[in-house]
Every structure is written in C-alpha cells, then in structure tokens.
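Below is one structure; the comments refer to it alone.
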Amino acid sequence: MIEQQELSTFIKRLQKRDAGAFEELVERYSGRCYAYFYRLCGNPEQSEELVSELFVRLVEKIKTFNGGSFEKWLFTVASNQFRDYLRRQYRYKRLLDEAAEQQRREEEADRREHTGEHVIFDRLQWALERLDTETAELLMLRYYSEVGFKELAEMRNEPVGTTLSKVHRGLKKLRLMLDDAE
Amino acid sequence: MKREENKLNVLLRRFVDEAAAEAMSQDIQKGDALLKRFADPVLSDKAKDLIRARFEAVCSARRRARRLMFGVAGVAAAAVALFVVLFIGNNLGPSPVSSPNRDIALPHTDERLPLPIQPERQPVAATSDEIFTEDLKAVARYLWDDGSNADSGDFFTVIREELDNIAAAIEADRMESESVAPERFIHGASSEDAQQRARSLITADFWKG
C-alpha cells in the first residue's frame, strides 16, 4: 500500500504522463496484476497479454482517477478487463462448432504436453479452476487488490453483505477442495 | 492482524448474530491463511520488458498523435484565417450594385496634385425680384420711421402710392423682358414664354386692383 501523500504525488506524475512514474507503476503492480490474471485464466502467455493490455488501459484511463484507493481503481480496471476477456472467449467458443472445439482441445492438450505446460502451477490453481468463474474472480480480486470488504462491494456494485457471504462461501469451498486433495 | 480481525467481526455482526459472525470470521481467516501458503505466479523479467516496450510504444504513439493533431489544427486555423481575410477583402467592399459610379473618376482624387484654381466670382446684376424686394423693404422702413401718419387716412394713401410705384416698376420690367427678340419672328414664342406672360399679366392686374 502506498502512503496517501506519496500516492497523491505519484498520481499527479502519472497524469502528467511522466515516463518514470509509469515505469514505477509497472514495477509496483505488474507482479500482482499478473498473478491475478494467471490465477483466473491459468495461461502464462494469456496472462502476460492481459497485463500488457491492462497497462495500456491504465495510460488511457489515468485521468479518470479522482482520489480514493488507487488499488481499488486499478483492480476495478483489471476486473473489467478480465470480464472483457471472458466475453471474447465466450464469443470465440460460440463460433466454433462442437467437432472443431473437440479438435482444438486435443491440439491444445498435445501442445501443452509437448511444451510441459500441462503441469498445473499448484494445487490452488487446480482448485480455482474447479470453482465457478465469478467466485474465483471475487476471491482473487480480494486477495491481490488487498482492499477491504466495503471497497470490494463497491467495485462489484453489490451490497457488502452479499460480498461477505460470497467470499465466505468461496473460501470454505476452496478449503474443502484443498483438504480433500490432501 | 488483530485489528483486521476485529473489523471483520464488527462488519459481520451487522448481518448475522454474534456466534455466526464469529464462525464466518474464522472461516474467512483460515481461507486467507490457506491462500497465503501458495506462492504467487511470478512475471518473468522478459515479459516485464515486453510490457514496458509496449507501454512506451503506446505512450510515444500518443505523443506523436497529439503533436500531429496540434499541427493539423494549427494549419487548419491558419487556412480559415486566410480564407476569412480574403473573403472580407473580396465581398465586404463597395459593390458595383450599391455604388454604380465606382469606376467614374472623382475630381481631385490624387492628394499629391495641386488643387484646381477656381475663377473668382464676378458681381451679378440685380434681377427684378431683387429690386422688388428692396422696394418693399424701403416702404417698410419709411412706414416704420414715420409712425405719425399711422392713424390718418394719409397713411394708406402713402402705402397705395408706393405699391403703385412698385407695380409700375414691375410692369415696366415685364414689358422690357417681353420685348420680342428678332429670332422669335422666325421660330415663334414657345409655350414657356406664354406661361410666363400670363403670370405677369395676372400679377399686374392684381396690383392695379
């Protein structure tokens, strides 16, 4: 977390498109954003692409930031970007017919086996892939953005009680899956 | 950590009873602890460099686009200004319709040339109208200066005599002007001459009573 005074100076530098500030932005947040995307899509190349797109979006949107928690703002943009990614994936899958989809899966599996990518990053990744996308996204958003429940609820445009309940259920389910796996 | 735990308890108690809030809080903390046990995926330096390169490319492209936009806007503004100046010059001056004599040379338009010499005015002989006016002024002055006769009948006699004199003078003037010029024997009198003569006769008849 950045101190308020430091954050204010940092944002002003970003809004003036100071190259040094953008460098600092990449340095500070690219790791967290990459981990967030990786945990959700499970693909390193795709995650790198998403992080790259995210920083381009931040350049475009930095003037819209008008105070408050910077993490909240940044991860709201990241979350919206992930949803756009899901929509693109959905549209892409819809375009393929069943046979082509099957062939694509086989080819993808072969490719992963060939490159060693078939190894799942860790058990957490395995468990997250078995959770529904919304819950997984909520858990990772909370974990990597490090914002409180109130801000999390605001980011998702839902009541705090609903967010609390979803996080509680999601974490419980995740724990059960991981305990079973052990 | 303890502070965060308390905050979560307080928040949960707004929605559920104390026991449930306590249980939920513990579940969430256990879940968080579990997540922390796993290492985060790490973005490689190579990938980071690619992100930086793309990022810089976008920033510099934006700067170039902005410079280009300002350049184009500047050229457009200059073109508009030039057009406005030319338009005003061509269309807002005196048009040949509103001033049809614009091509006729005005006298002494060149300020460098000396002013044309005007001929001196010569005294002009008094006309009959001027004589008549002078006579009337003289009568008026006489009557004004000699107010002693105002109540007597002689006063009107004097006026009448003076007016008769004026009428006689006018008649003499008319006779003189109507004396036939030699060319009128050839061309005859014009309608203008006839009108003038009729007017003079009426005037003379009036003064004669």
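Numbering starts fresh at 1 for the residues of each chain in the structure tokens, the chains themselves are lettered A, B, ... in the order given, and ligands are numbered from 1 as they appear.
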
Kindly provide, as a VMD selection string, the residues of chain A having any atom no farther than 7 Å from an atom of chain B, counting only C-alpha atoms.
-> chain A and resid 31 34 to 35 48 52 55 to 56 161 168 171 to 172 175

Would you mind exporting the chosen residues as an mmCIF file, in the first residue's frame, restricted to all heavy atoms?
data_model
loop_
_atom_site.group_PDB
_atom_site.id
_atom_site.type_symbol
_atom_site.label_atom_id
_atom_site.label_comp_id
_atom_site.auth_asym_id
_atom_site.auth_seq_id
_atom_site.Cartn_x
_atom_site.Cartn_y
_atom_site.Cartn_z
ATOM 1 N N GLY A 31 3.457 -7.372 -11.090
ATOM 2 C CA GLY A 31 3.515 -8.710 -10.485
ATOM 3 C C GLY A 31 2.157 -9.130 -9.927
ATOM 4 O O GLY A 31 1.672 -10.229 -10.222
ATOM 5 N N TYR A 34 -0.327 -9.627 -12.758
ATOM 6 C CA TYR A 34 -0.039 -10.854 -13.495
ATOM 7 C C TYR A 34 -0.558 -12.071 -12.715
ATOM 8 O O TYR A 34 -1.217 -12.955 -13.284
ATOM 9 C CB TYR A 34 1.473 -10.971 -13.735
ATOM 10 C CG TYR A 34 1.885 -12.288 -14.339
ATOM 11 C CD1 TYR A 34 1.652 -12.553 -15.685
ATOM 12 C CD2 TYR A 34 2.504 -13.268 -13.564
ATOM 13 C CE1 TYR A 34 2.027 -13.770 -16.244
ATOM 14 C CE2 TYR A 34 2.882 -14.481 -14.113
ATOM 15 C CZ TYR A 34 2.645 -14.727 -15.452
ATOM 16 O OH TYR A 34 3.011 -15.931 -16.003
ATOM 17 N N ALA A 35 -0.272 -12.086 -11.400
ATOM 18 C CA ALA A 35 -0.727 -13.201 -10.568
ATOM 19 C C ALA A 35 -2.257 -13.297 -10.578
ATOM 20 O O ALA A 35 -2.821 -14.393 -10.681
ATOM 21 C CB ALA A 35 -0.225 -13.010 -9.140
ATOM 22 N N GLU A 48 0.197 -12.682 -19.538
ATOM 23 C CA GLU A 48 1.126 -11.601 -19.916
ATOM 24 C C GLU A 48 0.439 -10.627 -20.858
ATOM 25 O O GLU A 48 0.591 -9.401 -20.727
ATOM 26 C CB GLU A 48 2.361 -12.190 -20.598
ATOM 27 C CG GLU A 48 3.350 -12.787 -19.612
ATOM 28 C CD GLU A 48 4.433 -13.599 -20.302
ATOM 29 O OE1 GLU A 48 4.582 -13.486 -21.532
ATOM 30 O OE2 GLU A 48 5.133 -14.361 -19.605
ATOM 31 N N SER A 52 -0.262 -6.704 -20.130
ATOM 32 C CA SER A 52 0.184 -5.708 -21.097
ATOM 33 C C SER A 52 -0.979 -4.798 -21.515
ATOM 34 O O SER A 52 -0.860 -3.572 -21.531
ATOM 35 C CB SER A 52 0.759 -6.448 -22.292
ATOM 36 O OG SER A 52 1.216 -5.560 -23.233
ATOM 37 N N PHE A 55 -2.002 -2.326 -18.720
ATOM 38 C CA PHE A 55 -1.201 -1.104 -18.553
ATOM 39 C C PHE A 55 -1.469 -0.089 -19.651
ATOM 40 O O PHE A 55 -1.412 1.116 -19.415
ATOM 41 C CB PHE A 55 0.284 -1.451 -18.409
ATOM 42 C CG PHE A 55 0.605 -1.919 -17.015
ATOM 43 C CD1 PHE A 55 0.545 -3.264 -16.679
ATOM 44 C CD2 PHE A 55 0.903 -1.004 -16.025
ATOM 45 C CE1 PHE A 55 0.785 -3.692 -15.382
ATOM 46 C CE2 PHE A 55 1.151 -1.421 -14.722
ATOM 47 C CZ PHE A 55 1.087 -2.772 -14.394
ATOM 48 N N VAL A 56 -1.789 -0.589 -20.831
ATOM 49 C CA VAL A 56 -2.181 0.340 -21.899
ATOM 50 C C VAL A 56 -3.500 1.026 -21.517
ATOM 51 O O VAL A 56 -3.667 2.238 -21.684
ATOM 52 C CB VAL A 56 -2.327 -0.410 -23.244
ATOM 53 C CG1 VAL A 56 -2.909 0.498 -24.303
ATOM 54 C CG2 VAL A 56 -0.980 -0.937 -23.697
ATOM 55 N N GLY A 161 -23.028 -7.127 2.468
ATOM 56 C CA GLY A 161 -23.457 -8.423 2.995
ATOM 57 C C GLY A 161 -23.329 -9.513 1.941
ATOM 58 O O GLY A 161 -22.864 -10.625 2.234
ATOM 59 N N HIS A 168 -17.113 -15.745 1.936
ATOM 60 C CA HIS A 168 -17.124 -16.787 2.959
ATOM 61 C C HIS A 168 -17.380 -18.152 2.344
ATOM 62 O O HIS A 168 -16.649 -19.119 2.573
ATOM 63 C CB HIS A 168 -18.199 -16.449 4.012
ATOM 64 C CG HIS A 168 -18.384 -17.523 5.021
ATOM 65 N ND1 HIS A 168 -19.547 -18.259 5.106
ATOM 66 C CD2 HIS A 168 -17.550 -18.026 5.959
ATOM 67 C CE1 HIS A 168 -19.426 -19.145 6.067
ATOM 68 N NE2 HIS A 168 -18.227 -19.023 6.615
ATOM 69 N N LEU A 171 -14.371 -19.249 0.009
ATOM 70 C CA LEU A 171 -13.173 -19.698 0.744
ATOM 71 C C LEU A 171 -13.399 -21.061 1.386
ATOM 72 O O LEU A 171 -12.504 -21.910 1.421
ATOM 73 C CB LEU A 171 -12.788 -18.657 1.810
ATOM 74 C CG LEU A 171 -12.103 -17.379 1.302
ATOM 75 C CD1 LEU A 171 -11.931 -16.381 2.434
ATOM 76 C CD2 LEU A 171 -10.749 -17.691 0.667
ATOM 77 N N LYS A 172 -14.631 -21.239 1.898
ATOM 78 C CA LYS A 172 -14.954 -22.512 2.541
ATOM 79 C C LYS A 172 -14.867 -23.655 1.527
ATOM 80 O O LYS A 172 -14.284 -24.713 1.800
ATOM 81 C CB LYS A 172 -16.361 -22.421 3.130
ATOM 82 C CG LYS A 172 -16.578 -23.283 4.336
ATOM 83 C CD LYS A 172 -17.899 -22.945 4.978
ATOM 84 C CE LYS A 172 -18.171 -23.927 6.098
ATOM 85 N NZ LYS A 172 -19.455 -23.638 6.752
ATOM 86 N N ARG A 175 -11.270 -24.370 0.643
ATOM 87 C CA ARG A 175 -10.601 -25.121 1.723
ATOM 88 C C ARG A 175 -10.988 -26.604 1.684
ATOM 89 O O ARG A 175 -10.161 -27.500 1.823
ATOM 90 C CB ARG A 175 -10.985 -24.534 3.078
ATOM 91 C CG ARG A 175 -9.995 -23.498 3.570
ATOM 92 C CD ARG A 175 -10.442 -22.880 4.867
ATOM 93 N NE ARG A 175 -10.624 -23.851 5.917
ATOM 94 C CZ ARG A 175 -11.580 -23.789 6.858
ATOM 95 N NH1 ARG A 175 -12.436 -22.789 6.860
ATOM 96 N NH2 ARG A 175 -11.677 -24.712 7.780
#

Please provide the set of residues having any atom within 10 Å of Arg17 in chain A, restricted to only C-alpha atoms, with same-chain residues fewer than 3 positions apart removed, written as a ChimeraX atom specification.
-> /A:11-14,20-22,59,62-63 /B:59,63

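Take CA of Phe156 in chain B and CA of Ile202 in chain B: the distance between them is 23.3 Å.
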
Would you list the contacts of Arg156 in chain A as a list of chain:residue names, taking every protein, DNA or RNA residue within 10 Å and counting only C-alpha atoms, but skipping same-chain residues closer than 3 positions in sequence?
->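 Neighbouring residues, sequence-local ones excluded: A:Thr76, A:Ser79, A:Asn80, A:Leu138, A:Glu151, A:Leu152, A:Ala153, A:Pro159, A:Val160, A:Thr163.
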
Next, the residues of the selection above should be written as a JSON list (two decimals), in the first residue's frame with all heavy atoms.
[["chain", "number", "residue", "atom", "x", "y", "z"],
["A", 76, "THR", "N", -10.30, -2.45, -10.29],
["A", 76, "THR", "CA", -11.60, -2.36, -10.98],
["A", 76, "THR", "C", -11.36, -2.42, -12.48],
["A", 76, "THR", "O", -12.06, -3.12, -13.22],
["A", 76, "THR", "CB", -12.33, -1.04, -10.62],
["A", 76, "THR", "OG1", -12.46, -0.98, -9.21],
["A", 76, "THR", "CG2", -13.71, -0.95, -11.26],
["A", 79, "SER", "N", -10.38, -5.96, -13.30],
["A", 79, "SER", "CA", -11.54, -6.86, -13.25],
["A", 79, "SER", "C", -12.41, -6.70, -14.50],
["A", 79, "SER", "O", -12.86, -7.69, -15.09],
["A", 79, "SER", "CB", -12.35, -6.54, -11.99],
["A", 79, "SER", "OG", -13.51, -7.30, -11.95],
["A", 80, "ASN", "N", -12.62, -5.44, -14.91],
["A", 80, "ASN", "CA", -13.40, -5.19, -16.13],
["A", 80, "ASN", "C", -12.70, -5.80, -17.34],
["A", 80, "ASN", "O", -13.35, -6.34, -18.23],
["A", 80, "ASN", "CB", -13.58, -3.68, -16.36],
["A", 80, "ASN", "CG", -14.56, -3.10, -15.37],
["A", 80, "ASN", "OD1", -15.40, -3.80, -14.82],
["A", 80, "ASN", "ND2", -14.43, -1.81, -15.11],
["A", 138, "LEU", "N", -13.86, -13.26, -7.61],
["A", 138, "LEU", "CA", -14.05, -12.48, -6.37],
["A", 138, "LEU", "C", -12.93, -12.76, -5.36],
["A", 138, "LEU", "O", -12.36, -11.83, -4.78],
["A", 138, "LEU", "CB", -15.42, -12.84, -5.76],
["A", 138, "LEU", "CG", -15.71, -12.26, -4.39],
["A", 138, "LEU", "CD1", -15.75, -10.74, -4.43],
["A", 138, "LEU", "CD2", -17.05, -12.80, -3.87],
["A", 151, "GLU", "N", -14.97, -1.74, 0.09],
["A", 151, "GLU", "CA", -14.49, -1.30, -1.23],
["A", 151, "GLU", "C", -14.71, -2.39, -2.28],
["A", 151, "GLU", "O", -15.05, -2.10, -3.43],
["A", 151, "GLU", "CB", -13.00, -0.95, -1.15],
["A", 151, "GLU", "CG", -12.77, 0.37, -0.44],
["A", 151, "GLU", "CD", -11.31, 0.60, -0.12],
["A", 151, "GLU", "OE1", -10.60, -0.38, 0.16],
["A", 151, "GLU", "OE2", -10.88, 1.76, -0.16],
["A", 152, "LEU", "N", -14.55, -3.64, -1.84],
["A", 152, "LEU", "CA", -14.77, -4.77, -2.75],
["A", 152, "LEU", "C", -16.22, -4.77, -3.23],
["A", 152, "LEU", "O", -16.49, -4.98, -4.43],
["A", 152, "LEU", "CB", -14.44, -6.07, -2.01],
["A", 152, "LEU", "CG", -14.29, -7.33, -2.84],
["A", 152, "LEU", "CD1", -13.14, -7.20, -3.82],
["A", 152, "LEU", "CD2", -14.07, -8.54, -1.92],
["A", 153, "ALA", "N", -17.13, -4.52, -2.29],
["A", 153, "ALA", "CA", -18.56, -4.48, -2.64],
["A", 153, "ALA", "C", -18.82, -3.33, -3.61],
["A", 153, "ALA", "O", -19.59, -3.47, -4.57],
["A", 153, "ALA", "CB", -19.39, -4.32, -1.38],
["A", 159, "PRO", "N", -24.27, -5.17, -2.46],
["A", 159, "PRO", "CA", -24.23, -4.86, -1.03],
["A", 159, "PRO", "C", -23.07, -5.58, -0.33],
["A", 159, "PRO", "O", -22.65, -6.66, -0.76],
["A", 159, "PRO", "CB", -25.57, -5.39, -0.52],
["A", 159, "PRO", "CG", -26.42, -5.58, -1.71],
["A", 159, "PRO", "CD", -25.51, -5.84, -2.86],
["A", 160, "VAL", "N", -22.59, -4.98, 0.75],
["A", 160, "VAL", "CA", -21.45, -5.55, 1.49],
["A", 160, "VAL", "C", -21.79, -6.95, 2.00],
["A", 160, "VAL", "O", -20.96, -7.87, 1.95],
["A", 160, "VAL", "CB", -21.08, -4.64, 2.69],
["A", 160, "VAL", "CG1", -19.84, -5.16, 3.39],
["A", 160, "VAL", "CG2", -20.84, -3.23, 2.24],
["A", 163, "THR", "N", -21.31, -9.54, -0.67],
["A", 163, "THR", "CA", -19.88, -9.81, -0.92],
["A", 163, "THR", "C", -19.30, -10.68, 0.20],
["A", 163, "THR", "O", -18.58, -11.65, -0.08],
["A", 163, "THR", "CB", -19.11, -8.47, -1.00],
["A", 163, "THR", "OG1", -19.78, -7.63, -1.93],
["A", 163, "THR", "CG2", -17.68, -8.66, -1.44]]

Find the distance between CA of Leu68 in chain B and CA of Glu60 in chain A and write it in Å to one decimal.
->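 Distance reported for this atom pair: 18.2 Å.
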
Distance of CA of Glu45 in chain A from CA of Ala100 in chain A, expressed in Å to one decimal place =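 So the two atoms, CA of Ala100 in chain A and CA of Glu45 in chain A, lie 22.6 Å apart.
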
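Ranking A:Leu25, A:Leu178, A:Met155, A:Ala19 by their shortest atom-to-atom distance to Leu131 in chain A, with only C-alpha atoms included, puts A:Leu178 first.
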
Neighbour list for Asn9 in chain B as a PDB file with N, CA, C and O atoms, in the first residue's frame, cut-off 7 Å, only C-alpha atoms, skip fewer than 4 positions in-chain:
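Below is the file that was written, around10.pdb:
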ATOM      1  N   GLU B   5      -9.007  -8.453  12.109  1.00  0.00           N
ATOM      2  CA  GLU B   5      -9.930  -9.492  12.597  1.00  0.00           C
ATOM      3  C   GLU B   5     -11.132  -8.857  13.299  1.00  0.00           C
ATOM      4  O   GLU B   5     -12.281  -9.239  13.075  1.00  0.00           O
ATOM      5  N   ARG B  13     -21.133  -8.683  12.113  1.00  0.00           N
ATOM      6  CA  ARG B  13     -22.233  -8.581  13.086  1.00  0.00           C
ATOM      7  C   ARG B  13     -23.366  -7.688  12.596  1.00  0.00           C
ATOM      8  O   ARG B  13     -24.459  -7.718  13.134  1.00  0.00           O
ATOM      9  N   ALA B  21     -21.289 -14.662  13.218  1.00  0.00           N
ATOM     10  CA  ALA B  21     -20.247 -13.732  12.778  1.00  0.00           C
ATOM     11  C   ALA B  21     -18.870 -14.260  13.166  1.00  0.00           C
ATOM     12  O   ALA B  21     -17.919 -14.197  12.364  1.00  0.00           O
ATOM     13  N   GLU B  22     -18.787 -14.786  14.377  1.00  0.00           N
ATOM     14  CA  GLU B  22     -17.516 -15.325  14.858  1.00  0.00           C
ATOM     15  C   GLU B  22     -17.062 -16.489  13.978  1.00  0.00           C
ATOM     16  O   GLU B  22     -15.906 -16.552  13.540  1.00  0.00           O
ATOM     17  N   SER B  25     -16.082 -15.308  10.475  1.00  0.00           N
ATOM     18  CA  SER B  25     -14.804 -14.593  10.547  1.00  0.00           C
ATOM     19  C   SER B  25     -13.637 -15.589  10.571  1.00  0.00           C
ATOM     20  O   SER B  25     -12.628 -15.417   9.867  1.00  0.00           O
TER      21      SER B  25
END
